[in-house]
Every structure is written in C-alpha cells, then in structure tokens.
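Peer 1: The structure's right below; bear with me while I get my questions together.
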Amino acid sequence: MRIVIKVGTSTLTHATGRINIRRVESLCRTISDLKNAGDDIILVSSGAIGMGVGKLNLSEKPTDIVVKQAAAATGQCELMFVYDNEFSKYNHLIAQILITSSDIENEKNHRNFNNTVNKLLDFGVIPVINENDTISTDEIAIGDNDTLGAIIAVSVKADLLIILSDIDGLYDKDPHKNPDAKLVSEVYEITDEIVCMGKGKGSELATGGMRTKIHAAEIATENGIEMVIANGNDPKILYDIVDGKQVGTRFYGKEK
C-alpha cells in the first residue's frame, strides 16, 4: 500500500515542547518495519514550531507570525535531525520537503512535487513533508497539517491516510466534558451531524483539532481514500490500522 501518515505535535512532543524521545523512537521503528514489509510511506510531520518553542524556552506557543516563523526555523532543524538519526538505525533514508499552498495550486510546481515524491519512493526513501512555516503567510499557507496530509494523499494517489493525534478518534460529543461520550468507530458519509461532532480545538501547541481532521476526511474520502484518526500515544497502533483492524475512527472512501 501507499500510506500517508500525519503525526501531530502532541504525538511528537511533551507539553513543554521538548521532544518525546520514547514515542518518536517507537514511531520511527514502527514506520521502518512497515516500510520493510513493502509499504510506501510518506510522513507528514508537525512539530517544528512546538520544538522551536521548547528550544527557544518560550512560555507558550507564539501568536506573532514572525516569532512563529523563528520558532519553526529553529525547531525544524531538531525535528529532521531526530528523524534522520532514528530512521538511520533501521537503514532507511529520509528526505525533507517543505511546501506552501502555491506548490500545490501551481500546476508546474505541483507536477514537480509529485515527480520528486515518486522518485524518492522509487529510491526507497521516506519523504518527510511539512508546511514551510518559516515563510508561510496567510496568503500562501495551507493552515494545518491535517489538511496538508489529505491534500498530499490525494496528490500521490495514496491508499490510506492515517492521522495520529492525542485522541482515540471522533466522539459523538466532547469526551473532555462528557464522560459518557462514545467513540464513532466507522463513518461512511460525512454528514452535518459528523461535522458538528468535530467542533473543538486541539492541544495548546497544536494548530488543528477535530474540526481540521473532519475537513481532511472530506478531502480524502471524496477522492476514494480511506482515512483513520487514532491515538498516537503508542505508535505501534499503526500495525493494527494497516491490517484493517478496528482502531480509532475509520472514514471510508467514496467509490470513484
């Protein structure tokens, strides 16, 4: 299979913004094993700004665009260093790709992007993709990596999009406020009711929340791609997702 895995900031870092070493080690080991089994893996990784917050010893995620960009530039170095170090333990190469919306919307840029990703996969390399937060402005920003993951999944004709977050999946109501909230395990159609379930924000260091994940599901499923939202607390959950086991919330792609 060709699989796009989007990893959120909350999966990669502690609340301090510092890297969650044990979890990242497990993530890279599991992805490497899936790669060894023959799957093409594309990793869409958040975490640059969050890691920058930790490295710059900021007390909270910045709201000022210039400070955000500085944090992204600082954190991106550490993020790629960690990935390169961890994947190399299992003899896998990675390649960094930073994009903005213009790289998707411009036909020539989009074609070049696809050509690069496909060639990297031919070489057995794991592309690690992130929005270019260092230069992104409101005019050229995609806005969140959930949407970015869905756009890339469509672009590279993926079979499956997996979004790892800090929640088990989509609930019928906010589980933080309602202890009786129930996990929605399967979604065959994204109705207004499903969209309403997705209201709410994510962690303090994250950009999205369930709302952006539902939007990503709309993009993916409209193009016939299955998508799963699952808790990234234990990255070995990827094995069950790829095996088709009932984990998290699975959104079924429409017949094309």
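Letters A, B, ... mark the chains of the structure tokens in the order given; residue numbers begin at 1 per chain; ligand numbers begin at 1, in order shown.
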Name the residues of range 153-205 of chain A that fall into strand (DSSP E) according to DSSP on the backbone, using the chain letters and numbers of this document, as number ranges by chain.

Peer 2: A: 160-165, 186-187

Peer 1: Contacts of Ala153 in chain A at 9 Å or less, counting only C-alpha atoms, minus same-chain residues fewer than 4 places along, as a ChimeraX atom specification?

Peer 2: /A:2-4,42,148-149,157-161,220,225

Peer 1: Measuring between only C-alpha atoms, which one of A:Asp192, A:Glu222, A:Glu186, A:Asp103 shows the shortest distance to Gly253 in chain A?

Peer 2: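 Checking each of A:Asp192, A:Glu222, A:Glu186, A:Asp103 against Gly253 in chain A, counting only C-alpha atoms, the winner is A:Glu222.
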
Peer 1: Could you jot down the CA of Lys6 in chain A to CA of Ile162 in chain A separation for me, Å, one decimal place?

Peer 2: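 Taking CA of Lys6 in chain A and CA of Ile162 in chain A, their separation equals 6.1 Å.
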
Peer 1: For range 44-52 of chain A, please output as a ChimeraX atom specification all residues within 7 Å (counting only C-alpha atoms; exclusion window: fewer than 2 positions along the same chain).

Peer 2: /A:5-9,12,17-19,42,54-56,68,71-72,74-76,79,128-130,145,149,205

Peer 1: Set the distance at 6 Å and use only C-alpha atoms: which residues neighbour Gly169 in chain A once local chain neighbours fewer than 2 positions away are removed? I'd like the list as a PyMOL selection string.

Peer 2: chain A and resi 167+229-230+248-249

Peer 1: Quick one: pull the distance between CA of Lys254 in chain A and CA of Pro235 in chain A, Å, one decimal.

Peer 2: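 Pair CA of Lys254 in chain A / CA of Pro235 in chain A returns 27.3 Å.
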
Peer 1: List the neighbours of range 110-115 of chain A out to 10 Å using only C-alpha atoms; skip same-chain residues closer than 2 positions along the sequence, and give me the result as a ChimeraX atom specification.

Peer 2: /A:97,99,101-108,117-121,152,155-157

Peer 1: Quick one: pull the distance between CA of Leu98 in chain A and CA of Gly38 in chain A, Å, one decimal.

Peer 2: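 Between CA of Leu98 in chain A and CA of Gly38 in chain A the gap works out to 25.4 Å.
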
Peer 1: Give the helix (DSSP H, G or I) residues of range 71-169 of chain A, as assigned by DSSP on the backbone, as a compact mmCIF listing (two decimals) with N, CA and C atoms, in the first residue's frame.

Peer 2:
```
# COMPACT_ATOMS: atom_id res chain seq x y z
N ALA A 71 10.45 30.29 15.45
CA ALA A 71 10.33 29.02 16.17
C ALA A 71 10.35 27.84 15.20
N ALA A 72 9.66 28.00 14.05
CA ALA A 72 9.63 26.94 13.05
C ALA A 72 11.02 26.67 12.50
N ALA A 73 11.75 27.74 12.20
CA ALA A 73 13.10 27.58 11.65
C ALA A 73 14.02 26.88 12.64
N THR A 74 13.88 27.22 13.91
CA THR A 74 14.70 26.62 14.96
C THR A 74 14.31 25.15 15.19
N GLY A 75 13.01 24.92 15.28
CA GLY A 75 12.53 23.57 15.58
C GLY A 75 12.68 22.60 14.43
N GLN A 76 12.62 23.10 13.17
CA GLN A 76 12.72 22.21 12.03
C GLN A 76 14.07 21.49 11.98
N CYS A 77 15.11 22.19 12.39
CA CYS A 77 16.45 21.58 12.42
C CYS A 77 16.47 20.37 13.34
N GLU A 78 15.95 20.55 14.54
CA GLU A 78 15.95 19.45 15.50
C GLU A 78 15.05 18.32 15.04
N LEU A 79 13.87 18.67 14.48
CA LEU A 79 12.93 17.65 14.04
C LEU A 79 13.56 16.73 13.00
N MET A 80 14.22 17.31 12.01
CA MET A 80 14.83 16.49 10.96
C MET A 80 16.06 15.73 11.47
N PHE A 81 16.80 16.33 12.39
CA PHE A 81 17.94 15.63 12.98
C PHE A 81 17.47 14.38 13.70
N VAL A 82 16.39 14.51 14.44
CA VAL A 82 15.86 13.37 15.19
C VAL A 82 15.38 12.28 14.24
N TYR A 83 14.62 12.67 13.22
CA TYR A 83 14.12 11.68 12.26
C TYR A 83 15.28 10.98 11.54
N ASP A 84 16.25 11.75 11.10
CA ASP A 84 17.38 11.17 10.38
C ASP A 84 18.13 10.18 11.27
N ASN A 85 18.33 10.56 12.51
CA ASN A 85 19.04 9.70 13.46
C ASN A 85 18.27 8.40 13.72
N GLU A 86 16.95 8.52 13.93
CA GLU A 86 16.15 7.35 14.27
C GLU A 86 15.96 6.41 13.09
N PHE A 87 15.64 6.95 11.91
CA PHE A 87 15.40 6.08 10.76
C PHE A 87 16.70 5.42 10.28
N SER A 88 17.82 6.09 10.47
CA SER A 88 19.10 5.50 10.04
C SER A 88 19.44 4.25 10.84
N SER A 101 1.02 26.42 -0.05
CA SER A 101 -0.14 26.16 -0.90
C SER A 101 0.16 26.42 -2.37
N SER A 102 1.06 27.35 -2.66
CA SER A 102 1.38 27.66 -4.06
C SER A 102 2.05 26.47 -4.75
N ASP A 103 2.71 25.62 -3.98
CA ASP A 103 3.34 24.44 -4.56
C ASP A 103 2.31 23.40 -4.97
N ILE A 104 1.11 23.49 -4.41
CA ILE A 104 0.03 22.58 -4.77
C ILE A 104 -0.86 23.20 -5.84
N GLU A 105 -1.13 24.50 -5.71
CA GLU A 105 -2.07 25.16 -6.61
C GLU A 105 -1.46 25.47 -7.97
N GLU A 107 0.26 24.56 -11.24
CA GLU A 107 0.31 23.28 -11.95
C GLU A 107 1.74 22.77 -12.12
N LYS A 108 2.65 23.66 -12.51
CA LYS A 108 4.04 23.24 -12.73
C LYS A 108 4.69 22.81 -11.41
N ASN A 109 4.50 23.62 -10.36
CA ASN A 109 5.06 23.27 -9.05
C ASN A 109 4.50 21.95 -8.53
N HIS A 110 3.20 21.76 -8.74
CA HIS A 110 2.54 20.54 -8.27
C HIS A 110 3.10 19.32 -9.00
N ARG A 111 3.30 19.46 -10.30
CA ARG A 111 3.86 18.35 -11.07
C ARG A 111 5.28 18.03 -10.61
N ASN A 112 6.06 19.08 -10.33
CA ASN A 112 7.43 18.87 -9.84
C ASN A 112 7.42 18.19 -8.47
N PHE A 113 6.48 18.60 -7.64
CA PHE A 113 6.35 17.98 -6.31
C PHE A 113 6.06 16.49 -6.44
N ASN A 114 5.08 16.14 -7.27
CA ASN A 114 4.73 14.74 -7.45
C ASN A 114 5.89 13.94 -8.03
N ASN A 115 6.58 14.52 -8.98
CA ASN A 115 7.73 13.83 -9.58
C ASN A 115 8.80 13.54 -8.54
N THR A 116 9.05 14.53 -7.67
CA THR A 116 10.06 14.36 -6.62
C THR A 116 9.66 13.28 -5.63
N VAL A 117 8.41 13.32 -5.17
CA VAL A 117 7.94 12.33 -4.20
C VAL A 117 8.00 10.92 -4.80
N ASN A 118 7.53 10.78 -6.03
CA ASN A 118 7.53 9.46 -6.66
C ASN A 118 8.94 8.92 -6.87
N LYS A 119 9.87 9.80 -7.22
CA LYS A 119 11.25 9.36 -7.40
C LYS A 119 11.88 8.96 -6.07
N LEU A 120 11.58 9.71 -5.01
CA LEU A 120 12.09 9.35 -3.69
C LEU A 120 11.57 7.97 -3.27
N LEU A 121 10.29 7.73 -3.54
CA LEU A 121 9.72 6.43 -3.20
C LEU A 121 10.36 5.32 -4.03
N ASP A 122 10.66 5.62 -5.29
CA ASP A 122 11.36 4.65 -6.13
C ASP A 122 12.72 4.29 -5.54
N ASN A 145 -1.69 20.82 9.25
CA ASN A 145 -1.11 19.62 8.64
C ASN A 145 -2.10 18.48 8.46
N ASP A 146 -3.28 18.57 9.07
CA ASP A 146 -4.32 17.60 8.78
C ASP A 146 -4.77 17.78 7.33
N THR A 147 -5.06 19.02 6.97
CA THR A 147 -5.44 19.33 5.60
C THR A 147 -4.30 19.02 4.64
N LEU A 148 -3.08 19.37 5.05
CA LEU A 148 -1.92 19.08 4.21
C LEU A 148 -1.80 17.58 3.95
N GLY A 149 -2.00 16.78 4.98
CA GLY A 149 -1.92 15.33 4.83
C GLY A 149 -2.92 14.81 3.81
N ALA A 150 -4.14 15.35 3.86
CA ALA A 150 -5.18 14.92 2.92
C ALA A 150 -4.85 15.35 1.50
N ILE A 151 -4.37 16.57 1.35
CA ILE A 151 -4.01 17.08 0.03
C ILE A 151 -2.89 16.22 -0.58
N ILE A 152 -1.91 15.88 0.24
CA ILE A 152 -0.80 15.06 -0.25
C ILE A 152 -1.28 13.65 -0.58
N ALA A 153 -2.16 13.09 0.26
CA ALA A 153 -2.69 11.75 0.00
C ALA A 153 -3.38 11.70 -1.36
N VAL A 154 -4.15 12.74 -1.67
CA VAL A 154 -4.82 12.80 -2.97
C VAL A 154 -3.79 12.97 -4.08
N SER A 155 -2.81 13.84 -3.84
CA SER A 155 -1.81 14.16 -4.85
C SER A 155 -1.00 12.94 -5.26
```
